[in-house]
file protein-v9.txt (compact mmCIF, C-alpha atoms)
# COMPACT_ATOMS: atom_id res chain seq x y z
CA MET A 5 87.05 117.81 103.56
CA ARG A 6 89.62 116.87 100.89
CA ASP A 7 90.22 113.35 99.63
CA LEU A 8 93.30 111.40 100.67
CA LEU A 9 95.71 111.48 97.70
CA MET A 10 97.14 107.98 97.14
CA ILE A 11 98.29 108.13 93.53
CA PRO A 12 101.91 107.56 92.44
CA GLY A 13 102.62 111.31 92.53
CA PRO A 14 101.89 113.97 93.46
CA VAL A 15 101.65 112.57 96.96
CA GLU A 16 100.62 113.81 100.38
CA PHE A 17 103.16 116.36 101.64
CA GLU A 18 104.39 117.26 105.12
CA GLN A 19 102.91 120.41 106.62
CA GLU A 20 106.34 122.00 107.02
CA VAL A 21 106.94 121.58 103.29
CA LEU A 22 103.63 123.22 102.41
CA GLN A 23 104.39 126.07 104.78
CA ALA A 24 107.70 126.65 103.00
CA LEU A 25 105.93 126.57 99.65
CA GLY A 26 103.43 129.17 100.86
CA SER A 27 105.92 131.47 102.55
CA PRO A 28 106.63 134.96 101.12
CA SER A 29 108.93 134.64 98.11
CA LEU A 30 112.56 135.64 98.41
CA GLY A 31 114.60 137.15 95.62
CA HIS A 32 116.86 134.61 93.95
CA THR A 33 119.94 136.61 94.95
CA ASP A 34 118.74 137.23 98.52
CA PRO A 35 121.36 135.96 100.99
CA ALA A 36 118.71 133.91 102.78
CA PHE A 37 117.74 132.16 99.54
CA ILE A 38 121.35 131.59 98.54
CA SER A 39 121.92 129.91 101.90
CA LEU A 40 118.92 127.57 101.67
CA PHE A 41 119.59 126.71 98.01
CA GLY A 42 123.19 125.85 98.82
CA ARG A 43 122.01 123.67 101.71
CA ALA A 44 119.45 121.94 99.47
CA LEU A 45 122.17 121.04 96.97
CA LYS A 46 124.31 119.52 99.71
CA ARG A 47 121.30 117.63 101.08
CA LEU A 48 120.39 116.25 97.64
CA ARG A 49 123.89 114.80 97.41
CA GLU A 50 123.38 113.18 100.83
CA VAL A 51 119.98 111.72 99.91
CA SER A 52 121.47 110.10 96.80
CA LEU A 53 124.36 108.82 98.94
CA ALA A 54 126.68 110.40 96.40
CA PRO A 55 129.29 112.55 98.16
CA GLY A 56 131.33 112.79 94.96
CA ALA A 57 128.47 113.82 92.67
CA GLN A 58 127.48 117.20 91.28
CA PRO A 59 123.86 118.04 92.18
CA PHE A 60 121.54 119.94 89.84
CA VAL A 61 118.18 121.42 90.91
CA ILE A 62 116.33 122.87 87.92
CA SER A 63 112.79 124.04 87.30
CA GLY A 64 110.95 121.31 85.38
CA SER A 65 109.45 117.83 85.55
CA GLY A 66 110.96 114.38 85.82
CA THR A 67 110.97 114.21 82.03
CA LEU A 68 113.23 117.25 82.00
CA ALA A 69 115.59 115.44 84.38
CA MET A 70 115.69 112.56 81.88
CA GLU A 71 116.43 114.94 79.03
CA LEU A 72 119.12 116.77 81.00
CA ALA A 73 121.00 113.50 81.47
CA VAL A 74 120.68 112.47 77.83
CA ALA A 75 121.33 115.87 76.27
CA ASN A 76 124.63 116.28 78.08
CA LEU A 77 126.01 112.74 77.80
CA VAL A 78 124.86 111.60 74.35
CA GLU A 79 126.09 112.80 70.98
CA PRO A 80 124.69 111.82 67.57
CA GLY A 81 125.68 108.26 66.69
CA ASP A 82 126.37 107.11 70.24
CA ALA A 83 125.05 103.67 71.18
CA ALA A 84 122.67 103.44 74.13
CA LEU A 85 121.26 100.37 75.88
CA VAL A 86 117.80 100.78 77.44
CA VAL A 87 116.88 98.29 80.16
CA ASN A 88 113.17 98.42 79.43
CA THR A 89 110.59 97.81 82.15
CA GLY A 90 107.67 99.84 80.84
CA TYR A 91 106.23 103.17 79.84
CA PHE A 92 109.02 105.38 81.16
CA SER A 93 111.76 103.22 79.69
CA ASP A 94 110.06 103.81 76.34
CA ARG A 95 110.09 107.53 77.08
CA MET A 96 113.82 107.43 77.84
CA ALA A 97 114.39 105.66 74.52
CA LYS A 98 112.42 108.37 72.71
CA ILE A 99 114.59 111.07 74.31
CA LEU A 100 117.78 109.18 73.42
CA GLU A 101 116.69 108.80 69.81
CA ARG A 102 115.72 112.48 69.59
CA HIS A 103 119.30 113.34 70.60
CA GLY A 104 120.74 111.07 67.92
CA ALA A 105 121.52 107.91 69.88
CA ARG A 106 121.35 104.43 68.36
CA VAL A 107 119.11 102.63 70.86
CA THR A 108 119.02 98.94 71.72
CA HIS A 109 116.34 97.64 74.08
CA VAL A 110 116.58 94.79 76.55
CA ARG A 111 112.89 94.16 77.17
CA ALA A 112 110.91 92.12 79.62
CA ALA A 113 107.24 91.24 79.52
CA PRO A 114 104.99 93.75 81.33
CA GLY A 115 105.37 93.17 85.04
CA ASP A 116 108.92 91.85 84.84
CA ALA A 117 112.45 93.27 84.56
CA PRO A 118 115.39 92.05 82.47
CA SER A 119 117.92 90.11 84.52
CA VAL A 120 121.47 91.28 85.11
CA ASP A 121 122.67 88.34 83.02
CA GLU A 122 120.46 89.34 80.10
CA VAL A 123 121.85 92.87 80.18
CA LYS A 124 125.39 91.53 80.48
CA GLY A 125 124.89 89.60 77.26
CA HIS A 126 124.29 92.88 75.45
CA LEU A 127 127.04 94.86 77.16
CA GLU A 128 129.58 92.15 76.35
CA ARG A 129 129.19 93.00 72.67
CA GLY A 130 130.77 96.35 73.48
CA GLY A 131 130.33 99.81 72.07
CA PHE A 132 127.61 101.16 74.38
CA LYS A 133 128.29 104.62 75.72
CA VAL A 134 125.23 104.75 77.99
CA MET A 135 122.98 102.24 79.73
CA THR A 136 119.70 103.54 81.12
CA VAL A 137 117.41 101.86 83.64
CA THR A 138 114.21 102.93 85.38
CA HIS A 139 114.61 102.20 89.10
CA VAL A 140 110.82 101.91 89.56
CA ASP A 141 108.55 102.22 86.55
CA THR A 142 105.52 104.23 87.63
CA SER A 143 103.39 102.51 85.00
CA THR A 144 103.91 98.95 86.24
CA GLY A 145 105.27 99.11 89.79
CA VAL A 146 108.28 97.09 88.63
CA LEU A 147 111.52 97.43 90.60
CA ALA A 148 114.67 96.92 88.50
CA PRO A 149 117.89 95.37 89.88
CA VAL A 150 119.70 98.69 89.77
CA GLU A 151 122.62 97.77 92.02
CA GLY A 152 123.73 94.88 89.83
CA LEU A 153 123.05 96.82 86.63
CA SER A 154 125.00 99.87 87.78
CA ARG A 155 127.99 97.74 88.72
CA LEU A 156 127.74 95.90 85.40
CA ALA A 157 127.72 99.10 83.35
CA ARG A 158 130.86 100.26 85.16
CA GLU A 159 132.52 96.89 84.44
CA PHE A 160 131.90 97.23 80.70
CA GLY A 161 132.75 100.93 80.43
CA ALA A 162 129.23 102.29 79.88
CA LEU A 163 127.78 105.22 81.76
CA SER A 164 124.80 104.20 83.89
CA VAL A 165 121.83 106.58 84.00
CA VAL A 166 119.25 105.57 86.60
CA ASP A 167 115.77 107.12 86.48
CA GLY A 168 114.75 107.39 90.13
CA VAL A 169 111.61 109.48 89.66
CA CYS A 170 109.37 106.96 91.43
CA ALA A 171 112.10 105.64 93.74
CA THR A 172 114.38 108.33 95.18
CA ALA A 173 114.07 108.55 98.99
CA GLY A 174 111.72 105.56 99.00
CA GLU A 175 113.76 102.68 97.57
CA ALA A 176 117.29 101.83 98.68
CA PHE A 177 119.88 103.43 96.43
CA HIS A 178 123.58 104.04 97.08
CA GLN A 179 124.87 105.98 94.10
CA ASP A 180 128.58 106.11 94.90
CA ALA A 181 128.81 102.63 96.42
CA TRP A 182 127.00 101.02 93.49
CA GLY A 183 128.89 102.98 90.84
CA ALA A 184 125.89 104.68 89.23
CA ASP A 185 126.96 107.66 87.13
CA VAL A 186 123.69 109.64 87.08
CA TYR A 187 120.70 109.43 89.38
CA LEU A 188 117.80 111.57 88.24
CA THR A 189 114.47 112.25 89.86
CA ALA A 190 111.63 114.71 90.35
CA SER A 191 110.21 116.45 93.37
CA GLN A 192 106.63 115.18 93.56
CA LYS A 193 106.98 111.59 94.73
CA ALA A 194 109.04 110.18 97.62
CA VAL A 195 111.21 113.33 97.66
CA GLY A 196 108.09 114.94 99.12
CA VAL A 197 107.79 118.30 97.33
CA PRO A 198 105.00 119.52 95.02
CA PRO A 199 105.65 119.08 91.28
CA GLY A 200 108.05 121.37 89.49
CA LEU A 201 111.67 120.38 90.16
CA ALA A 202 114.00 118.22 88.07
CA LEU A 203 116.79 116.83 90.26
CA LEU A 204 120.03 115.10 89.31
CA THR A 205 123.21 113.94 91.02
CA VAL A 206 125.89 113.47 88.36
CA GLY A 207 129.02 111.50 89.17
CA PRO A 208 132.60 112.41 88.19
CA ARG A 209 132.79 109.99 85.22
CA ALA A 210 129.66 111.45 83.68
CA MET A 211 130.83 115.02 84.26
CA GLU A 212 134.12 114.18 82.52
CA VAL A 213 132.28 112.68 79.54
CA TRP A 214 130.27 115.88 79.31
CA ARG A 215 133.43 117.99 79.43
CA GLN A 216 134.96 115.96 76.57
CA ARG A 217 131.98 116.41 74.21
CA ARG A 218 132.83 117.04 70.58
CA THR A 219 129.53 118.78 69.76
CA PRO A 220 127.52 121.44 71.62
CA VAL A 221 124.52 120.38 73.71
CA ALA A 222 121.52 120.86 71.42
CA SER A 223 119.38 122.61 74.06
CA VAL A 224 120.48 125.80 75.80
CA TYR A 225 118.15 125.16 78.76
CA CYS A 226 119.46 121.62 79.22
CA ASP A 227 123.16 122.44 78.89
CA PHE A 228 125.22 121.74 82.02
CA ALA A 229 127.49 124.57 80.86
CA GLU A 230 124.71 127.02 81.71
CA TRP A 231 123.72 125.39 85.01
CA LEU A 232 126.98 124.20 86.55
CA PRO A 233 128.26 127.70 87.42
CA ILE A 234 124.91 128.43 89.04
CA MET A 235 124.92 125.29 91.19
CA GLU A 236 128.56 125.84 92.17
CA ALA A 237 127.91 129.48 93.09
CA TYR A 238 124.88 128.77 95.27
CA GLU A 239 126.69 125.95 97.06
CA ALA A 240 129.58 128.34 97.68
CA GLY A 241 127.18 130.95 99.10
CA LYS A 242 127.40 133.35 96.15
CA PRO A 243 124.67 134.80 93.92
CA ALA A 244 124.42 133.70 90.28
CA TYR A 245 121.91 133.88 87.48
CA PHE A 246 121.04 131.96 84.34
CA ALA A 247 117.26 131.47 84.63
CA THR A 248 115.13 132.43 87.62
CA PRO A 249 114.85 129.48 90.01
CA PRO A 250 111.46 128.57 91.50
CA VAL A 251 112.36 130.03 94.86
CA ASN A 252 109.45 128.65 96.89
CA LEU A 253 109.86 125.14 95.48
CA VAL A 254 113.57 125.23 96.31
CA HIS A 255 112.66 126.36 99.82
CA ALA A 256 110.22 123.44 100.10
CA LEU A 257 112.88 121.07 98.76
CA ASP A 258 115.37 122.19 101.38
CA VAL A 259 112.81 121.55 104.12
CA SER A 260 111.78 118.14 102.75
CA LEU A 261 115.35 116.93 102.27
CA GLY A 262 116.06 118.00 105.83
CA LEU A 263 113.12 115.92 107.06
CA ILE A 264 114.28 112.92 105.00
CA LEU A 265 117.78 113.09 106.44
CA ALA A 266 116.42 113.57 109.98
CA GLU A 267 114.38 110.37 109.59
CA GLY A 268 117.49 108.59 108.30
CA LEU A 269 117.72 107.02 104.87
CA GLU A 270 117.89 103.40 106.01
CA ALA A 271 114.95 103.94 108.37
CA ARG A 272 113.03 105.60 105.55
CA PHE A 273 113.73 102.77 103.13
CA ALA A 274 112.61 100.28 105.80
CA ARG A 275 109.40 102.26 106.47
CA HIS A 276 108.47 102.23 102.78
CA GLN A 277 109.14 98.50 102.65
CA ARG A 278 106.97 97.94 105.74
CA MET A 279 104.05 99.90 104.28
CA ALA A 280 104.40 98.12 100.93
CA ARG A 281 104.33 94.68 102.56
CA ALA A 282 101.16 95.58 104.42
CA PHE A 283 99.51 96.76 101.21
CA ARG A 284 100.55 93.55 99.47
CA ALA A 285 99.10 91.50 102.31
CA ALA A 286 95.82 93.39 101.94
CA TRP A 287 95.63 92.86 98.17
CA ALA A 288 96.25 89.14 98.57
CA ALA A 289 93.56 88.85 101.26
CA LEU A 290 91.11 90.55 98.91
CA GLY A 291 91.88 88.07 96.14
CA LEU A 292 93.69 90.65 94.01
CA ARG A 293 96.73 89.95 91.84
CA MET A 294 99.56 92.43 91.39
CA LEU A 295 101.02 93.33 88.02
CA PRO A 296 104.69 92.65 88.97
CA VAL A 297 105.32 88.96 88.45
CA SER A 298 107.35 88.30 91.61
CA GLU A 299 108.32 89.82 94.95
CA ALA A 300 111.84 90.44 93.62
CA VAL A 301 110.58 92.94 91.03
CA THR A 302 107.83 94.56 93.14
CA ALA A 303 108.37 98.18 94.15
CA ASN A 304 107.86 99.54 97.65
CA THR A 305 106.67 102.96 96.49
CA LEU A 306 103.48 101.92 94.70
CA SER A 307 101.15 99.00 94.04
CA ALA A 308 99.95 98.10 90.55
CA VAL A 309 96.96 95.77 91.02
CA TYR A 310 94.80 93.97 88.45
CA TYR A 311 91.03 94.41 88.69
CA PRO A 312 89.40 91.14 89.74
CA GLU A 313 87.11 89.32 87.35
CA GLY A 314 83.89 91.24 86.81
CA VAL A 315 85.34 94.59 87.95
CA ASP A 316 86.48 97.32 85.57
CA ALA A 317 88.08 100.77 85.68
CA SER A 318 84.96 102.25 87.28
CA LEU A 319 86.49 100.98 90.53
CA VAL A 320 88.76 104.05 90.60
CA GLY A 321 85.74 106.35 90.76
CA ARG A 322 84.11 104.21 93.45
CA VAL A 323 87.27 104.41 95.58
CA LYS A 324 87.23 108.21 95.18
CA ALA A 325 83.61 108.26 96.35
CA GLU A 326 84.95 106.67 99.55
CA GLY A 327 87.35 109.59 100.06
CA VAL A 328 90.58 108.19 98.62
CA VAL A 329 92.12 108.99 95.23
CA VAL A 330 93.91 106.14 93.44
CA ALA A 331 95.10 106.03 89.82
CA GLY A 332 94.09 103.98 86.82
CA GLY A 333 96.51 102.01 84.68
CA LEU A 334 99.15 103.67 82.51
CA HIS A 335 100.93 100.94 80.55
CA PRO A 336 99.40 101.16 77.06
CA ASP A 337 98.97 97.38 76.68
CA LEU A 338 97.25 96.93 80.05
CA LYS A 339 95.84 100.29 81.14
CA ALA A 340 92.21 99.16 81.33
CA ARG A 341 93.08 96.09 83.39
CA TYR A 342 94.63 97.49 86.57
CA PHE A 343 94.81 100.36 89.05
CA ARG A 344 97.70 101.92 90.96
CA VAL A 345 98.12 103.05 94.55
CA GLY A 346 101.04 105.26 95.55
CA HIS A 347 102.44 104.73 99.04
CA MET A 348 105.45 106.97 99.45
CA ASN A 349 106.81 109.96 101.32
CA ARG A 350 104.77 110.55 104.51
CA VAL A 351 102.39 107.59 104.12
CA GLY A 352 101.87 105.78 107.42
CA PRO A 353 99.53 103.17 108.94
CA ALA A 354 96.51 105.49 109.11
CA ASP A 355 96.77 106.30 105.39
CA LEU A 356 97.27 102.63 104.59
CA LEU A 357 94.19 101.49 106.50
CA ALA A 358 92.06 104.32 105.11
CA THR A 359 93.07 103.33 101.58
CA VAL A 360 92.53 99.60 102.05
CA GLY A 361 89.14 100.28 103.64
CA ALA A 362 88.09 102.48 100.71
CA VAL A 363 89.19 99.86 98.18
CA GLU A 364 87.32 97.16 100.12
CA ARG A 365 84.08 99.13 100.09
CA ALA A 366 84.50 99.98 96.40
CA LEU A 367 85.10 96.33 95.54
CA LEU A 368 81.97 95.27 97.41
CA ALA A 369 79.98 97.93 95.57
CA SER A 370 81.42 96.57 92.29
CA GLY A 371 80.19 93.06 93.03
CA HIS A 372 83.50 91.45 94.02
CA ARG A 373 82.94 88.88 96.75
CA PHE A 374 85.26 88.41 99.72
CA GLN A 375 85.08 88.39 103.50
CA PRO A 376 84.48 92.03 104.49
CA GLY A 377 87.39 93.36 106.51
CA ALA A 378 89.80 90.75 105.16
CA GLY A 379 92.10 93.34 103.62
CA LEU A 380 92.15 95.51 106.72
CA SER A 381 92.84 92.53 108.94
CA ALA A 382 95.71 91.37 106.74
CA ALA A 383 97.21 94.86 106.62
CA GLU A 384 97.00 95.26 110.39
CA SER A 385 98.54 91.83 110.93
CA SER A 386 101.42 92.71 108.62
CA LEU A 387 102.04 96.00 110.40
CA THR A 388 102.24 94.34 113.79
CA SER A 389 104.44 91.41 112.72
CA ARG A 390 108.22 91.55 112.73
call {"tool": "encode", "arguments": {"input": "protein-v9.txt", "output": "structure tokens"}}
result
Amino acid sequence: MRDLLMIPGPVEFEQEVLQALGSPSLGHTDPAFISLFGRALKRLREVSLAPGAQPFVISGSGTLAMELAVANLVEPGDAALVVNTGYFSDRMAKILERHGARVTHVRAAPGDAPSVDEVKGHLERGGFKVMTVTHVDTSTGVLAPVEGLSRLAREFGALSVVDGVCATAGEAFHQDAWGADVYLTASQKAVGVPPGLALLTVGPRAMEVWRQRRTPVASVYCDFAEWLPIMEAYEAGKPAYFATPPVNLVHALDVSLGLILAEGLEARFARHQRMARAFRAAWAALGLRMLPVSEAVTANTLSAVYYPEGVDASLVGRVKAEGVVVAGGLHPDLKARYFRVGHMNRVGPADLLATVGAVERALLASGHRFQPGAGLSAAESSLTSR
């Protein structure tokens, strides 16, 4: 019997998605594949709530999605503002610098996010071509105020690039309504597909900036000029080729996006919020403190939880011995002090209670003292309350 996978990606996947992944492969110019790829592109646009955006589905990781955005929008010497909430904001800055950008950080202490007013103070100085923000930082579980930040970037003439890797299809996001220029993500978290796809929805302003570039994109594989004709052809029901797409992953993506849309985005956002609140109730009942400093900056897709006094990182192994896989810390300044639990995609009450029960038993085995069953009781109470 396999362990329940409750890390912040990869996650547990729907059976229909796994069946698509394991189905006989189609040729990338097969009419059946062209049809499902075209449908997946349209569905990605719907999931991002971005009817005016250009979708891209490309073989690679979330880091590739980050690099695709930067490589096409940034030219050497451009100024970029990074709203920094942790490990993956630092990664975005590294990518920006590698492509020649002059990077300014707006930082918050670990567990917090810069305020909209703090970011405004930087944007008011002018000159920024791009502002980047991590919707949910997987290292800290911090949720950034992306709606206000996206609107702010638009107000001051900067392109907003939102990293949704640990948020898309789990946290509320309305790309067109909020004025976000690029929303990027990966397949293996709340999108509900095994790892291997970099996904972007790129708005009209960003596409126009790309078209007006003065210098070539430094990477052939990352260049929208290579990929745009392919995406346009598949959506139009025509074959095209630049690099062989991962046909089974695209098939799985089409199925998963269909399931997401059938559930309904607002209902899905609400379900993730409901599960997250129940997890938070459990952690509090067990005497555990979360890494995010307030409810306002706490994500609904994962929990980042400090070890209690007297308990160390061996807790992760003890939880696994109880049949549930959780993750250790990732933020370099704090990684030995906390653990992370992913609760996204198909996670429901049974997974929640199994996870809380495993953590309870592991805590007891580690010497932490609390009323046995307190976490489970708090989680159940949260689930049944309005």
call {"tool": "residues_around", "arguments": {"input": "protein-v9.txt", "residues": "Met348 in chain A", "least_positions_apart": "4", "cutoff": "9 Å", "atoms": "all atoms listed in the file", "output": "PDB file with C-alpha atoms, in the frame of the given file"}}
result
ATOM      1  CA  MET A  10      97.140 107.980  97.140  1.00  0.00           C
ATOM      2  CA  PRO A  12     101.910 107.560  92.440  1.00  0.00           C
ATOM      3  CA  GLY A  13     102.620 111.310  92.530  1.00  0.00           C
ATOM      4  CA  VAL A  15     101.650 112.570  96.960  1.00  0.00           C
ATOM      5  CA  GLU A  16     100.620 113.810 100.380  1.00  0.00           C
ATOM      6  CA  CYS A 170     109.370 106.960  91.430  1.00  0.00           C
ATOM      7  CA  ALA A 171     112.100 105.640  93.740  1.00  0.00           C
ATOM      8  CA  ALA A 173     114.070 108.550  98.990  1.00  0.00           C
ATOM      9  CA  GLY A 174     111.720 105.560  99.000  1.00  0.00           C
ATOM     10  CA  LYS A 193     106.980 111.590  94.730  1.00  0.00           C
ATOM     11  CA  ALA A 194     109.040 110.180  97.620  1.00  0.00           C
ATOM     12  CA  VAL A 195     111.210 113.330  97.660  1.00  0.00           C
ATOM     13  CA  GLY A 196     108.090 114.940  99.120  1.00  0.00           C
ATOM     14  CA  HIS A 276     108.470 102.230 102.780  1.00  0.00           C
ATOM     15  CA  MET A 279     104.050  99.900 104.280  1.00  0.00           C
ATOM     16  CA  ASN A 304     107.860  99.540  97.650  1.00  0.00           C
ATOM     17  CA  THR A 305     106.670 102.960  96.490  1.00  0.00           C
ATOM     18  CA  LEU A 306     103.480 101.920  94.700  1.00  0.00           C
ATOM     19  CA  GLY A 352     101.870 105.780 107.420  1.00  0.00           C
TER      20      GLY A 352
END
call {"tool": "atom_distance", "arguments": {"input": "protein-v9.txt", "atom1": "CA of Leu8 in chain A", "atom2": "CA of Ala362 in chain A"}}
result
10.3 Å
call {"tool": "closest_residue", "arguments": {"input": "protein-v9.txt", "among": "A:Ala117, A:Met135, A:Ala202, A:Ala148", "to": "Thr67 in chain A", "atoms": "only C-alpha atoms"}}
result
A:Ala202
call {"tool": "closest_residue", "arguments": {"input": "protein-v9.txt", "among": "A:Ala308, A:Leu48, A:Ala280, A:Val169", "to": "Ser386 in chain A", "atoms": "all atoms listed in the file"}}
result
A:Ala280
call {"tool": "atom_distance", "arguments": {"input": "protein-v9.txt", "atom1": "CA of Asp185 in chain A", "atom2": "CA of Thr136 in chain A"}}
result
10.3 Å
call {"tool": "residues_around", "arguments": {"input": "protein-v9.txt", "residues": "Lys98 in chain A", "least_positions_apart": "5", "cutoff": "12 Å", "atoms": "only C-alpha atoms", "output": "number ranges by chain"}}
result
A: 67, 70-71, 74, 84, 86, 91-93, 103-109
call {"tool": "write_last_selection", "arguments": {"input": "protein-v9.txt", "atoms": "C-alpha atoms", "output": "mmCIF file, in the frame of the given file"}}
result
data_model
loop_
_atom_site.group_PDB
_atom_site.id
_atom_site.type_symbol
_atom_site.label_atom_id
_atom_site.label_comp_id
_atom_site.auth_asym_id
_atom_site.auth_seq_id
_atom_site.Cartn_x
_atom_site.Cartn_y
_atom_site.Cartn_z
ATOM 1 C CA THR A 67 110.970 114.210 82.030
ATOM 2 C CA MET A 70 115.690 112.560 81.880
ATOM 3 C CA GLU A 71 116.430 114.940 79.030
ATOM 4 C CA VAL A 74 120.680 112.470 77.830
ATOM 5 C CA ALA A 84 122.670 103.440 74.130
ATOM 6 C CA VAL A 86 117.800 100.780 77.440
ATOM 7 C CA TYR A 91 106.230 103.170 79.840
ATOM 8 C CA PHE A 92 109.020 105.380 81.160
ATOM 9 C CA SER A 93 111.760 103.220 79.690
ATOM 10 C CA HIS A 103 119.300 113.340 70.600
ATOM 11 C CA GLY A 104 120.740 111.070 67.920
ATOM 12 C CA ALA A 105 121.520 107.910 69.880
ATOM 13 C CA ARG A 106 121.350 104.430 68.360
ATOM 14 C CA VAL A 107 119.110 102.630 70.860
ATOM 15 C CA THR A 108 119.020 98.940 71.720
ATOM 16 C CA HIS A 109 116.340 97.640 74.080
#
call {"tool": "atom_distance", "arguments": {"input": "protein-v9.txt", "atom1": "CA of Phe132 in chain A", "atom2": "CA of Arg158 in chain A"}}
result
11.3 Å
call {"tool": "residues_near_point", "arguments": {"input": "protein-v9.txt", "point": "(123.4, 115.4, 71.3)", "cutoff": "6 Å", "atoms": "only C-alpha atoms", "output": "JSON, numbers by chain"}}
result
{"A": [75, 78, 79, 80, 103, 221, 222]}
call {"tool": "residues_around", "arguments": {"input": "protein-v9.txt", "residues": "Gly90 in chain A", "least_positions_apart": "2", "cutoff": "9 Å", "atoms": "all atoms listed in the file", "output": "list of chain:residue names"}}
result
A:Asn88, A:Phe92, A:Ser93, A:Asp94, A:Arg95, A:Arg111, A:Ala112, A:Ala113, A:Pro114, A:Gly115, A:Ala117, A:Thr138, A:Asp141, A:Thr142, A:Ser143, A:Thr144, A:Val146, A:His335
call {"tool": "closest_residue", "arguments": {"input": "protein-v9.txt", "among": "A:Leu156, A:Asp7, A:Leu263, A:Ala83", "to": "Ala358 in chain A", "atoms": "only C-alpha atoms"}}
result
A:Asp7
call {"tool": "build_atoms", "arguments": {"input": "protein-v9.txt", "residues": "range 272-283 of chain A", "atoms": "N, CA, C and O atoms", "output": "PDB file, in the frame of the given file"}}
result
ATOM      1  N   ARG A 272     114.062 105.216 106.519  1.00  0.00           N
ATOM      2  CA  ARG A 272     113.030 105.600 105.550  1.00  0.00           C
ATOM      3  C   ARG A 272     112.803 104.486 104.531  1.00  0.00           C
ATOM      4  O   ARG A 272     111.657 104.161 104.193  1.00  0.00           O
ATOM      5  N   PHE A 273     113.889 103.897 104.047  1.00  0.00           N
ATOM      6  CA  PHE A 273     113.730 102.770 103.130  1.00  0.00           C
ATOM      7  C   PHE A 273     112.945 101.640 103.798  1.00  0.00           C
ATOM      8  O   PHE A 273     112.069 101.024 103.195  1.00  0.00           O
ATOM      9  N   ALA A 274     113.281 101.370 105.071  1.00  0.00           N
ATOM     10  CA  ALA A 274     112.610 100.280 105.800  1.00  0.00           C
ATOM     11  C   ALA A 274     111.126 100.593 106.016  1.00  0.00           C
ATOM     12  O   ALA A 274     110.272  99.698 105.948  1.00  0.00           O
ATOM     13  N   ARG A 275     110.808 101.884 106.277  1.00  0.00           N
ATOM     14  CA  ARG A 275     109.400 102.260 106.470  1.00  0.00           C
ATOM     15  C   ARG A 275     108.603 102.053 105.178  1.00  0.00           C
ATOM     16  O   ARG A 275     107.473 101.533 105.198  1.00  0.00           O
ATOM     17  N   HIS A 276     109.168 102.454 104.051  1.00  0.00           N
ATOM     18  CA  HIS A 276     108.470 102.230 102.780  1.00  0.00           C
ATOM     19  C   HIS A 276     108.276 100.747 102.513  1.00  0.00           C
ATOM     20  O   HIS A 276     107.212 100.333 102.025  1.00  0.00           O
ATOM     21  N   GLN A 277     109.273  99.947 102.843  1.00  0.00           N
ATOM     22  CA  GLN A 277     109.140  98.500 102.650  1.00  0.00           C
ATOM     23  C   GLN A 277     108.045  97.932 103.556  1.00  0.00           C
ATOM     24  O   GLN A 277     107.252  97.087 103.129  1.00  0.00           O
ATOM     25  N   ARG A 278     107.981  98.415 104.796  1.00  0.00           N
ATOM     26  CA  ARG A 278     106.970  97.940 105.740  1.00  0.00           C
ATOM     27  C   ARG A 278     105.559  98.289 105.257  1.00  0.00           C
ATOM     28  O   ARG A 278     104.640  97.461 105.305  1.00  0.00           O
ATOM     29  N   MET A 279     105.363  99.509 104.797  1.00  0.00           N
ATOM     30  CA  MET A 279     104.050  99.900 104.280  1.00  0.00           C
ATOM     31  C   MET A 279     103.685  99.077 103.041  1.00  0.00           C
ATOM     32  O   MET A 279     102.543  98.629 102.883  1.00  0.00           O
ATOM     33  N   ALA A 280     104.666  98.863 102.158  1.00  0.00           N
ATOM     34  CA  ALA A 280     104.400  98.120 100.930  1.00  0.00           C
ATOM     35  C   ALA A 280     104.004  96.679 101.237  1.00  0.00           C
ATOM     36  O   ALA A 280     103.090  96.122 100.607  1.00  0.00           O
ATOM     37  N   ARG A 281     104.668  96.061 102.199  1.00  0.00           N
ATOM     38  CA  ARG A 281     104.330  94.680 102.560  1.00  0.00           C
ATOM     39  C   ARG A 281     102.910  94.588 103.114  1.00  0.00           C
ATOM     40  O   ARG A 281     102.182  93.627 102.825  1.00  0.00           O
ATOM     41  N   ALA A 282     102.519  95.585 103.883  1.00  0.00           N
ATOM     42  CA  ALA A 282     101.160  95.580 104.420  1.00  0.00           C
ATOM     43  C   ALA A 282     100.130  95.760 103.311  1.00  0.00           C
ATOM     44  O   ALA A 282      99.065  95.111 103.321  1.00  0.00           O
ATOM     45  N   PHE A 283     100.410  96.629 102.354  1.00  0.00           N
ATOM     46  CA  PHE A 283      99.510  96.760 101.210  1.00  0.00           C
ATOM     47  C   PHE A 283      99.423  95.445 100.435  1.00  0.00           C
ATOM     48  O   PHE A 283      98.334  95.010 100.049  1.00  0.00           O
TER      49      PHE A 283
END
